>>> print(open('input32.txt').read())   # compact mmCIF, C-alpha atoms
# COMPACT_ATOMS: atom_id res chain seq x y z
CA MET M 1 6.48 16.51 1.68
CA GLU M 2 8.62 15.64 -1.35
CA THR M 3 5.99 17.06 -3.71
CA ALA M 4 5.46 20.14 -1.55
CA ARG M 5 9.12 21.10 -1.69
CA ARG M 6 9.85 20.24 -5.32
CA TRP M 7 8.88 23.58 -6.77
CA ARG M 8 10.26 25.79 -3.96
CA ALA M 9 12.97 27.39 -6.10
CA VAL M 10 10.66 28.00 -9.06
CA LEU M 11 7.95 29.61 -6.95
CA ALA M 12 10.47 31.71 -5.04
CA LEU M 13 11.84 33.12 -8.30
CA THR M 14 8.35 33.72 -9.66
CA SER M 15 7.33 35.50 -6.45
CA ALA M 16 10.31 37.79 -6.80
CA LEU M 17 9.41 38.60 -10.40
CA VAL M 18 5.78 39.24 -9.51
CA GLY M 19 6.85 41.43 -6.61
CA THR M 20 9.17 43.43 -8.85
CA ALA M 21 6.39 43.96 -11.37
CA ALA M 22 4.01 45.06 -8.62
CA CYS M 23 6.43 47.76 -7.47
CA GLY M 24 5.97 49.56 -10.78
CA ALA M 25 2.18 49.22 -10.84
CA SER M 26 -0.04 52.15 -10.03
CA ASP M 27 -2.25 52.12 -6.96
CA ASP M 28 -5.36 52.31 -9.14
CA ALA M 29 -4.52 49.18 -11.15
CA GLU M 30 -7.52 47.00 -11.91
CA PRO M 31 -8.14 43.97 -9.66
CA GLY M 32 -6.23 40.99 -10.92
CA GLU M 33 -3.72 43.06 -12.90
CA SER M 34 -0.82 41.46 -11.01
CA VAL M 35 -1.95 38.13 -12.51
CA TYR M 36 -3.74 38.90 -15.76
CA GLY M 37 -1.24 41.59 -16.69
CA ARG M 38 1.51 39.00 -16.79
CA PRO M 39 2.41 36.96 -19.89
CA LEU M 40 0.11 33.92 -20.21
CA ALA M 41 2.87 31.45 -19.33
CA GLU M 42 3.47 33.23 -15.99
CA GLN M 43 -0.13 33.64 -14.85
CA PHE M 44 -0.44 30.44 -12.79
CA HIS M 45 2.66 31.23 -10.76
CA ALA M 46 1.37 34.76 -10.23
CA ALA M 47 -2.04 33.34 -9.23
CA THR M 48 -0.38 31.12 -6.63
CA GLU M 49 1.28 34.18 -5.14
CA ALA M 50 -1.98 36.19 -5.24
CA THR M 51 -3.79 33.35 -3.46
CA ARG M 52 -1.17 33.21 -0.72
CA LYS M 53 -1.35 36.99 -0.26
CA ALA M 54 -5.01 36.59 0.75
CA GLY M 55 -3.60 35.33 4.06
CA THR M 56 -6.32 32.80 4.80
CA ALA M 57 -8.96 30.72 3.04
CA THR M 58 -11.18 27.68 3.44
CA PHE M 59 -11.05 24.71 1.09
CA VAL M 60 -12.89 21.57 0.03
CA SER M 61 -11.07 18.77 -1.78
CA THR M 62 -12.64 15.57 -3.11
CA LEU M 63 -11.31 12.39 -4.67
CA THR M 64 -13.92 10.00 -6.08
CA TYR M 65 -13.20 6.38 -7.02
CA GLY M 66 -15.70 4.68 -9.31
CA THR M 67 -16.28 0.95 -9.87
CA THR M 68 -18.99 -0.89 -11.79
CA THR M 69 -20.83 -1.65 -8.55
CA GLY M 70 -20.33 1.42 -6.36
CA ASP M 71 -18.25 4.50 -5.56
CA ALA M 72 -16.05 5.76 -2.76
CA GLU M 73 -15.39 9.40 -1.94
CA GLN M 74 -12.68 11.01 0.13
CA ARG M 75 -13.77 14.50 1.14
CA THR M 76 -11.47 16.95 2.89
CA GLU M 77 -12.74 20.23 4.36
CA GLY M 78 -10.54 22.68 6.17
CA SER M 79 -9.00 26.10 6.65
CA LEU M 80 -5.64 27.48 5.57
CA ASP M 81 -3.41 30.13 7.13
CA TYR M 82 -0.87 30.97 4.43
CA THR M 83 0.95 33.48 6.61
CA ARG M 84 1.65 31.05 9.44
CA GLY M 85 2.00 27.98 7.25
CA THR M 86 -0.68 26.07 9.19
CA SER M 87 -3.92 24.26 8.37
CA LEU M 88 -6.67 22.24 9.98
CA ALA M 89 -8.76 19.75 8.01
CA THR M 90 -11.32 17.00 8.48
CA VAL M 91 -10.84 14.06 6.14
CA GLY M 92 -13.75 11.69 5.60
CA LEU M 93 -13.78 8.54 3.48
CA THR M 94 -17.12 6.98 2.60
CA VAL M 95 -17.08 3.64 0.78
CA ASP M 96 -20.32 2.34 -0.75
CA ARG M 97 -21.25 -1.11 0.53
CA ARG M 98 -21.38 -2.26 -3.12
CA PHE M 99 -17.89 -0.94 -3.84
CA HIS M 100 -15.86 -3.53 -5.75
CA ARG M 101 -13.97 -5.84 -3.38
CA THR M 102 -10.80 -5.86 -5.46
CA ALA M 103 -10.63 -2.05 -5.38
CA ALA M 104 -11.12 -2.02 -1.61
CA GLN M 105 -7.47 -2.88 -1.01
CA PHE M 106 -6.54 0.53 -2.44
CA VAL M 107 -9.37 2.56 -0.94
CA GLY M 108 -11.17 1.11 2.08
CA GLU M 109 -13.57 -1.53 3.35
CA PRO M 110 -16.95 -1.44 1.51
CA GLY M 111 -19.81 -0.12 3.62
CA THR M 112 -17.60 1.91 5.97
CA THR M 113 -17.10 5.57 6.80
CA VAL M 114 -13.82 6.72 8.31
CA GLU M 115 -13.12 10.24 9.57
CA GLN M 116 -10.00 11.80 11.00
CA THR M 117 -8.55 15.25 11.59
CA LEU M 118 -5.27 16.52 10.19
CA ALA M 119 -3.35 19.64 11.18
CA THR M 120 -0.16 20.91 9.61
CA ASP M 121 2.48 23.27 10.91
CA GLY M 122 5.30 23.64 8.43
CA ASP M 123 6.91 20.22 7.90
CA ASP M 124 5.03 18.65 10.83
CA VAL M 125 1.74 16.80 10.29
CA TYR M 126 -0.62 15.99 13.18
CA VAL M 127 -3.25 13.24 12.88
CA ARG M 128 -6.13 12.35 15.17
CA ARG M 129 -8.98 9.88 14.76
CA GLY M 130 -12.09 10.58 16.82
CA THR M 131 -11.14 11.61 20.35
CA SER M 132 -7.79 9.83 20.36
CA ALA M 133 -4.56 11.67 21.09
CA TRP M 134 -2.81 13.65 18.36
CA LEU M 135 0.06 11.86 16.64
CA ARG M 136 2.81 14.18 15.44
CA TYR M 137 4.69 13.12 12.32
CA THR M 138 7.91 15.12 12.13
CA PRO M 139 10.39 14.78 9.23
CA GLU M 140 12.46 12.59 11.56
CA ALA M 141 9.47 10.32 12.26
CA ILE M 142 8.67 10.06 8.57
CA THR M 143 12.26 9.10 7.78
CA GLY M 144 12.45 6.64 10.67
CA LEU M 145 9.12 4.91 10.03
CA GLY M 146 9.62 4.59 6.28
CA GLU M 147 7.46 4.38 3.17
CA SER M 148 4.19 3.74 5.02
CA THR M 149 4.16 7.37 6.21
CA ARG M 150 4.14 8.87 2.72
CA ALA M 151 0.36 9.25 2.69
CA VAL M 152 0.60 11.60 5.70
CA ALA M 153 3.86 13.28 4.70
CA ALA M 154 2.26 14.39 1.42
CA HIS M 155 0.02 16.85 3.32
CA ALA M 156 2.82 18.84 5.00
CA ALA M 157 2.80 22.57 4.26
CA GLY M 158 4.30 23.46 0.89
CA ASP M 159 4.87 26.47 -1.32
CA VAL M 160 1.40 26.32 -2.84
CA ALA M 161 -0.65 25.90 0.35
CA PRO M 162 -0.26 24.96 4.03
CA TYR M 163 -2.13 21.72 3.24
CA SER M 164 -0.58 19.86 0.31
CA GLY M 165 -1.61 16.79 -1.65
CA THR M 166 -4.47 18.42 -3.57
CA LEU M 167 -5.08 19.61 -7.13
CA ALA M 168 -3.80 23.03 -6.08
CA ASP M 169 -0.28 21.56 -6.11
CA LEU M 170 -0.58 20.86 -9.83
CA VAL M 171 -1.56 24.35 -10.97
CA PRO M 172 1.91 26.00 -10.92
CA ARG M 173 3.30 22.86 -12.54
CA THR M 174 1.31 23.52 -15.71
CA ILE M 175 1.67 26.26 -18.32
CA PRO M 176 -1.43 27.73 -20.01
CA ARG M 177 -1.18 27.55 -23.80
CA GLN M 178 -4.51 29.13 -24.66
CA GLU M 179 -6.07 32.34 -23.41
CA PRO M 180 -8.65 31.69 -20.66
CA GLU M 181 -12.37 32.24 -21.02
CA ARG M 182 -13.37 35.46 -19.27
CA GLN M 183 -16.62 35.18 -17.29
CA LYS M 184 -19.13 37.95 -16.58
CA ASP M 185 -17.87 38.33 -13.01
CA GLY M 186 -14.30 38.88 -14.18
CA SER M 187 -13.10 35.39 -13.32
CA ARG M 188 -11.10 33.32 -15.83
CA VAL M 189 -11.39 29.64 -16.77
CA TYR M 190 -8.30 27.87 -18.13
CA ARG M 191 -8.03 24.42 -19.67
CA VAL M 192 -4.58 22.89 -19.35
CA THR M 193 -2.91 19.48 -19.26
CA VAL M 194 -0.35 17.78 -17.06
CA LEU M 195 1.37 14.41 -17.37
CA ALA M 196 -0.39 11.54 -15.57
CA GLU M 197 2.89 10.81 -13.78
CA ILE M 198 2.87 14.30 -12.26
CA ALA M 199 -0.87 14.29 -11.53
CA SER M 200 -0.55 11.01 -9.64
CA ASP M 201 1.68 12.74 -7.07
CA ILE M 202 -1.49 13.86 -5.25
CA LEU M 203 -2.78 10.27 -4.94
CA PRO M 204 -2.02 7.58 -2.34
CA PRO M 205 1.42 6.01 -2.98
CA GLU M 206 -0.03 2.74 -4.28
CA LEU M 207 -1.90 4.64 -7.03
CA ARG M 208 1.05 6.56 -8.43
CA THR M 209 2.25 5.81 -11.92
CA ALA M 210 5.20 6.46 -14.19
CA GLY M 211 3.06 6.10 -17.32
CA GLY M 212 -0.25 7.24 -18.71
CA ASP M 213 -1.22 10.12 -20.99
CA GLN M 214 -2.03 13.75 -20.29
CA VAL M 215 -4.54 14.65 -17.56
CA GLU M 216 -6.84 17.56 -18.34
CA LEU M 217 -7.37 20.22 -15.66
CA THR M 218 -9.96 22.98 -15.59
CA VAL M 219 -8.68 25.89 -13.49
CA ARG M 220 -10.73 28.89 -12.39
CA LEU M 221 -9.24 32.11 -11.03
CA ASP M 222 -11.44 34.86 -9.56
CA SER M 223 -11.48 38.48 -10.72
CA GLU M 224 -8.48 39.21 -8.50
CA GLY M 225 -6.47 36.34 -9.94
CA ARG M 226 -6.80 34.01 -6.94
CA LEU M 227 -7.31 30.28 -7.37
CA THR M 228 -10.92 29.28 -6.66
CA LYS M 229 -11.52 25.91 -8.34
CA VAL M 230 -9.71 23.04 -10.05
CA THR M 231 -11.28 19.88 -11.47
CA ALA M 232 -9.64 16.88 -13.11
CA ASP M 233 -10.51 13.55 -14.68
CA LEU M 234 -7.65 11.32 -13.52
CA GLY M 235 -8.57 8.46 -15.84
CA PRO M 236 -5.16 8.60 -17.59
CA VAL M 237 -3.54 7.70 -14.26
CA LEU M 238 -5.56 4.47 -14.23
CA VAL M 239 -4.41 3.77 -17.77
CA GLY M 240 -0.81 4.17 -16.63
CA LEU M 241 -1.39 1.76 -13.76
CA HIS M 242 -3.00 -0.78 -16.07
CA GLU M 243 0.01 -0.56 -18.39
CA GLU M 244 2.21 -1.36 -15.39
CA ASN M 245 0.00 -4.39 -14.64
CA ALA M 246 -1.07 -2.93 -11.31
CA PRO M 247 -4.12 -4.76 -9.86
CA THR M 248 -6.31 -1.64 -10.10
CA GLY M 249 -8.50 -2.71 -13.02
CA SER M 250 -11.67 -2.72 -10.91
CA ILE M 251 -11.30 1.06 -10.43
CA ARG M 252 -12.91 2.41 -13.61
CA THR M 253 -13.04 6.17 -12.92
CA LEU M 254 -11.05 8.59 -10.81
CA ARG M 255 -12.09 12.23 -10.43
CA ALA M 256 -10.84 15.08 -8.24
CA THR M 257 -11.98 18.59 -7.32
CA TYR M 258 -10.56 21.45 -5.25
CA GLU M 259 -12.33 24.67 -4.23
CA LEU M 260 -11.18 27.71 -2.27
CA SER M 261 -13.37 30.41 -0.71
CA GLU M 262 -13.66 32.92 2.17
CA PHE M 263 -10.35 34.58 1.40
CA GLY M 264 -8.96 36.78 4.17
CA LYS M 265 -11.53 35.76 6.78
CA PRO M 266 -10.25 34.86 10.26
CA VAL M 267 -9.51 31.18 10.84
CA ARG M 268 -9.22 29.58 14.24
CA HIS M 269 -6.87 26.70 14.45
CA GLU M 270 -4.05 26.40 16.91
CA LYS M 271 -1.23 23.89 16.78
CA PRO M 272 -2.25 20.80 18.78
CA GLY M 273 -0.85 21.11 22.29
CA LYS M 274 -1.65 18.81 25.21
CA GLY M 275 -1.54 15.05 24.78
CA VAL M 276 0.44 15.08 21.53
CA GLU M 277 2.41 11.87 20.93
CA ASP M 278 5.60 11.66 18.91
CA ALA M 279 4.86 9.14 16.14
CA LEU M 280 8.49 8.01 16.08
CA LYS M 281 8.25 6.96 19.75
CA ALA M 282 4.67 5.65 19.78
CA LEU M 283 4.68 3.64 16.54
CA ALA M 284 6.76 0.93 14.90
CA PRO M 285 6.97 -0.83 11.52
CA VAL M 286 4.79 -3.95 11.68
CA GLY M 287 7.69 -6.01 10.36
CA GLY M 288 9.54 -5.40 13.62
CA LEU M 289 6.87 -6.93 15.90
CA LYS M 290 7.38 -10.37 17.42
CA ALA M 291 5.00 -13.31 17.11
CA GLY M 292 2.20 -12.98 19.66
CA GLN M 293 2.58 -9.20 19.95
CA CYS M 294 -0.55 -7.02 19.62
CA ALA M 295 -1.00 -3.65 17.97
CA ALA M 296 -3.51 -0.90 17.25
CA THR M 297 -3.89 0.60 13.80
CA ASP M 298 -5.05 4.11 14.80
CA THR M 299 -2.11 5.72 13.02
CA GLY M 300 -3.94 7.78 10.39
CA LEU M 301 -1.82 6.19 7.67
CA GLY M 302 -4.50 4.10 6.00
CA SER M 303 -2.40 0.94 6.05
CA ASN M 304 -0.95 -1.54 8.54
CA GLY M 305 2.65 -1.02 7.50
CA VAL M 306 3.20 1.03 10.67
CA VAL M 307 1.25 0.27 13.86
CA ARG M 308 1.07 1.14 17.55
CA PRO M 309 2.44 -1.77 19.65
CA VAL M 310 0.21 -2.32 22.71
CA ASP M 311 -0.25 -4.83 25.51
CA CYS M 312 -2.66 -7.57 24.40
CA ALA M 313 -4.79 -6.82 27.47
CA ALA M 314 -5.44 -3.34 26.01
CA SER M 315 -7.66 -2.51 23.04
CA HIS M 316 -6.01 -3.75 19.85
CA ASP M 317 -6.85 -4.40 16.19
CA MET M 318 -4.35 -7.10 15.29
CA ARG M 319 -2.11 -9.83 16.71
CA VAL M 320 1.03 -10.91 14.90
CA ILE M 321 1.31 -14.68 14.48
CA ALA M 322 4.58 -14.82 12.54
CA GLN M 323 7.22 -12.95 10.58
CA THR M 324 8.11 -14.84 7.43
CA GLU M 325 10.48 -14.48 4.51
CA VAL M 326 10.10 -15.66 0.94
CA ASP M 327 13.30 -16.70 -0.82
CA ARG M 328 12.81 -19.07 -3.77
CA THR M 329 15.07 -19.54 -6.80
CA PHE M 330 14.16 -21.49 -9.94
CA PRO M 331 16.17 -22.39 -13.03
CA GLY M 332 15.31 -20.52 -16.22
CA GLU M 333 13.21 -17.45 -16.94
CA ARG M 334 9.62 -18.40 -16.36
CA ALA M 335 6.45 -17.33 -14.63
CA GLU M 336 6.35 -18.59 -11.06
CA LYS M 337 4.12 -18.04 -8.09
CA SER M 338 4.35 -14.54 -6.66
CA GLY M 339 5.76 -13.82 -3.23
CA ASP M 340 2.21 -13.19 -2.03
CA GLU M 341 1.21 -16.74 -2.87
CA TYR M 342 4.18 -18.18 -1.00
CA ALA M 343 3.45 -15.87 1.94
CA ASP M 344 -0.13 -17.11 1.99
CA GLN M 345 1.09 -20.70 2.31
CA GLN M 346 3.58 -19.89 5.05
CA CYS M 347 1.12 -17.74 7.00
CA ARG M 348 -1.47 -20.49 6.82
CA ARG M 349 0.97 -22.94 8.40
CA ALA M 350 1.86 -20.35 11.05
CA TYR M 351 -1.82 -19.79 11.83
CA GLU M 352 -2.57 -23.50 12.13
CA THR M 353 0.30 -24.03 14.60
CA ALA M 354 -0.20 -20.80 16.57
CA PRO M 355 -1.33 -21.00 20.24
CA ALA M 356 -5.08 -21.45 20.61
CA ALA M 357 -5.34 -18.15 22.53
CA TRP M 358 -4.02 -16.25 19.52
CA ARG M 359 -6.53 -17.87 17.18
CA ARG M 360 -9.42 -17.21 19.57
CA ASP M 361 -8.47 -13.52 19.48
CA ALA M 362 -9.33 -13.35 15.77
CA VAL M 363 -12.60 -11.80 14.59
CA HIS M 364 -12.79 -14.18 11.63
CA LYS M 365 -12.37 -17.75 12.81
CA GLY M 366 -9.98 -19.63 10.60
CA GLY M 367 -8.93 -16.40 8.90
CA PHE M 368 -5.58 -14.63 8.80
CA SER M 369 -4.03 -11.75 6.88
CA TYR M 370 -0.56 -10.74 5.83
CA ILE M 371 1.25 -7.59 4.79
CA GLY M 372 4.54 -7.22 3.00
CA SER M 373 6.07 -7.23 -0.45
CA SER M 374 8.37 -9.22 -2.68
CA ASP M 375 10.47 -8.80 -5.82
CA THR M 376 10.96 -11.12 -8.75
CA THR M 377 14.32 -10.88 -10.52
CA VAL M 378 15.82 -12.73 -13.45
CA SER M 379 19.60 -13.12 -13.48
CA VAL M 380 22.01 -14.60 -16.00
CA GLY M 381 25.29 -16.10 -14.82
CA GLY M 382 27.72 -18.91 -15.43
CA GLY M 383 25.13 -21.44 -14.34
CA GLY M 384 22.51 -20.11 -16.76
CA THR M 385 19.34 -18.10 -16.19
CA GLU M 386 17.58 -18.07 -12.81
CA THR M 387 14.35 -16.56 -11.52
CA THR M 388 14.34 -15.44 -7.87
CA VAL M 389 11.35 -14.45 -5.74
CA ASP M 390 12.18 -12.85 -2.39
CA GLY M 391 10.42 -10.69 0.18
CA ALA M 392 9.33 -10.29 3.79
CA TYR M 393 5.82 -10.58 5.23
CA THR M 394 4.02 -10.21 8.54
CA CYS M 395 1.29 -12.78 9.25
CA TYR M 396 -1.47 -11.60 11.61
CA VAL M 397 -5.06 -12.03 12.69
CA VAL M 398 -7.56 -9.18 12.77
CA THR M 399 -8.95 -8.78 16.30
CA SER M 400 -11.49 -5.97 15.97
>>> encode(input="input32.txt", output="structure tokens")
Amino acid sequence: METARRWRAVLALTSALVGTAACGASDDAEPGESVYGRPLAEQFHAATEATRKAGTATFVSTLTYGTTTGDAEQRTEGSLDYTRGTSLATVGLTVDRRFHRTAAQFVGEPGTTVEQTLATDGDDVYVRRGTSAWLRYTPEAITGLGESTRAVAAHAAGDVAPYSGTLADLVPRTIPRQEPERQKDGSRVYRVTVLAEIASDILPPELRTAGGDQVELTVRLDSEGRLTKVTADLGPVLVGLHEENAPTGSIRTLRATYELSEFGKPVRHEKPGKGVEDALKALAPVGGLKAGQCAATDTGLGSNGVVRPVDCAASHDMRVIAQTEVDRTFPGERAEKSGDEYADQQCRRAYETAPAAWRRDAVHKGGFSYIGSSDTTVSVGGGGTETTVDGAYTCYVVTS
């Protein structure tokens, strides 16, 4: 949602300029004149407006993660109604069974296929997995449930398209420096660059970076100046993550594509109606659950930071065994164990002393998991230099 709104003022001004220019154009102007007749630096903003004026379109967006042992692909297919600010999309994630285990924490379990449906209506995002009820993420729900909802919030309708979080968002944030290649059918192909930091805005939160070099985009506009295809090699984003010492080294390649077609054709998608649940009422941060409490993870968020609390007699995916805090201070500035390592020790003790019924509920006997984060800070005061590790974690067992 943050990315979708960021360029609202710029696009609004550009739309006004394009509209003013169009008023003086003759009725027999060549197709695409409202875009290709503009100065080069203004053509992508004009193309965004021309694409929206089509009224509707269908799209396919892919994000492919590559490791030395296997790939994973997230493929999104859907329809857009620019006039109403709505969309409907099916999002499928397929992870090769040989996909690197270390990379799985950022992508998904090797050997699995996950599919869910997303619908957007302005700032509201609806998520449904299989035949489950729709969950509605309003701006209030996103604010109330916190950072874990960012992956869903990123798809709320924006100024570029009713479904955000794709390469289309990056196009008006770049400026062509070289004239495009004109194709036989009248379409144009541009080659532009964007900072890795900006390009990473379309990725899951844990894969965003503040570093990295330029990302190269190839952008195609049709003969009428409408966006039809964008491709990108997001390798520089991985470089930025590596420079930040993020544990993403097992992901070797990262590629994305976006294609639009069927402009102006009728689309049929209504806002979800019956059985819609308010995410703010149905879900809760996992850190707020008590020991012994059960939860389902059918939230559409791709992580267990926010879950659906349920009775343990009902279908559930996890049971909390403890909430634990890490708070350790050491003299001097030195490398110490991370908060994760301390959490692992504390969760192990919690698991070993948990009621037998809780342990029997686990799919993996003798196994437990934890979720949370910690910070390491170095401070200098009257007593000298100290290193502090602190954080909060939820210890749980996986039950299905």
>>> residues_near_point(input="input32.txt", point="(-12.6, 12.5, -3.3)", cutoff="7 Å", atoms="all atoms listed in the file", output="JSON, numbers by chain")
{"M": [61, 62, 63, 64, 73, 74, 75, 256]}
>>> closest_residue(input="input32.txt", among="M:Thr120, M:Thr324, M:Glu206, M:Ala54", to="Leu135 of chain M", atoms="only C-alpha atoms")
M:Thr120
>>> closest_atom_pairs(input="input32.txt", of="segment 66-112 of chain M", to="segment 270-276 of chain M", cutoff="10 Å", atoms="all atoms listed in the file", output="JSON lines")
{"residue": "M:Thr86", "atom": "CA", "partner": "M:Lys271", "partner_atom": "CA", "distance": 7.9}
{"residue": "M:Ser87", "atom": "CA", "partner": "M:Glu270", "partner_atom": "CA", "distance": 8.8}
{"residue": "M:Leu88", "atom": "CA", "partner": "M:Glu270", "partner_atom": "CA", "distance": 8.5}
>>> write_last_selection(input="input32.txt", atoms="C-alpha atoms", output="JSON list (two decimals), in the coordinates of the input")
[["chain", "number", "residue", "atom", "x", "y", "z"],
["M", 86, "THR", "CA", -0.68, 26.07, 9.19],
["M", 87, "SER", "CA", -3.92, 24.26, 8.37],
["M", 88, "LEU", "CA", -6.67, 22.24, 9.98]]
>>> closest_residue(input="input32.txt", among="M:Asp344, M:Asp390, M:Asp201, M:Glu243", to="Val378 of chain M", atoms="only C-alpha atoms")
M:Asp390
>>> closest_residue(input="input32.txt", among="M:Leu260, M:Ile321, M:Ile142, M:Ala46", to="Val286 of chain M", atoms="only C-alpha atoms")
M:Ile321
>>> atom_distance(input="input32.txt", atom1="atom CA of Glu33 of chain M", atom2="atom CA of Pro172 of chain M")
18.1 Å
>>> closest_residue(input="input32.txt", among="M:Thr248, M:Thr76, M:Thr387, M:Ser148", to="Ser303 of chain M", atoms="all atoms listed in the file")
M:Ser148
>>> atom_distance(input="input32.txt", atom1="atom CA of Ser250 of chain M", atom2="atom CA of Glu115 of chain M")
24.3 Å
>>> axis_aligned_box(input="input32.txt", around="segment 30-34 of chain M", padding_each_side="8 Å", output="lines of an AutoDock Vina configuration file")
center_x = -4.5
center_y = 44.0
center_z = -11.3
size_x = 23.3
size_y = 22.0
size_z = 19.2
>>> atom_distance(input="input32.txt", atom1="atom CA of Tyr351 of chain M", atom2="atom CA of Ser369 of chain M")
9.7 Å
>>> closest_residue(input="input32.txt", among="M:Ser79, M:Lys265, M:Glu325, M:Gln105", to="Gln345 of chain M", atoms="only C-alpha atoms")
M:Glu325
>>> residues_around(input="input32.txt", residues="Arg255 of chain M", least_positions_apart="2", cutoff="7 Å", atoms="all atoms listed in the file", output="list in words")
Leu63, Thr64, Tyr65, Ala232, Asp233, Leu234 and Thr253 of chain M
>>> residues_around(input="input32.txt", residues="Arg191 of chain M", least_positions_apart="3", cutoff="10 Å", atoms="only C-alpha atoms", output="short mmCIF file (atom, residue, chain, number, x, y, z; two decimals) with C-alpha atoms, keeping the file's coordinate frame")
data_model
loop_
_atom_site.label_atom_id
_atom_site.label_comp_id
_atom_site.auth_asym_id
_atom_site.auth_seq_id
_atom_site.Cartn_x
_atom_site.Cartn_y
_atom_site.Cartn_z
CA ILE M 175 1.67 26.26 -18.32
CA PRO M 176 -1.43 27.73 -20.01
CA ARG M 177 -1.18 27.55 -23.80
CA GLN M 178 -4.51 29.13 -24.66
CA GLU M 179 -6.07 32.34 -23.41
CA PRO M 180 -8.65 31.69 -20.66
CA GLU M 181 -12.37 32.24 -21.02
CA GLU M 216 -6.84 17.56 -18.34
CA LEU M 217 -7.37 20.22 -15.66
CA THR M 218 -9.96 22.98 -15.59
CA VAL M 219 -8.68 25.89 -13.49
CA ARG M 220 -10.73 28.89 -12.39
CA VAL M 230 -9.71 23.04 -10.05
CA THR M 231 -11.28 19.88 -11.47
#
>>> closest_residue(input="input32.txt", among="M:Ala354, M:Val267, M:Val95, M:Val114", to="Thr56 of chain M", atoms="only C-alpha atoms")
M:Val267
>>> residues_near_point(input="input32.txt", point="(-19.1, 5.0, 0.0)", cutoff="6 Å", atoms="all atoms listed in the file", output="ChimeraX atom specification")
/M:71-72,94-96
>>> residues_around(input="input32.txt", residues="Ser200 of chain M", least_positions_apart="2", cutoff="12 Å", atoms="all atoms listed in the file", output="MDAnalysis selection string")
chainID M and resid 3 63 154 165:167 169:170 194:198 202:215 232:241 254:256
>>> residues_around(input="input32.txt", residues="Tyr82 of chain M", least_positions_apart="4", cutoff="10 Å", atoms="only C-alpha atoms", output="JSON, numbers by chain")
{"M": [51, 52, 53, 54, 55, 56, 57, 86, 87, 157, 158, 159, 160, 161, 162, 163, 264]}
>>> residues_around(input="input32.txt", residues="Arg319 of chain M", least_positions_apart="5", cutoff="7 Å", atoms="all atoms listed in the file", output="NGL selection string")
:M and (292-295 or 396-399)
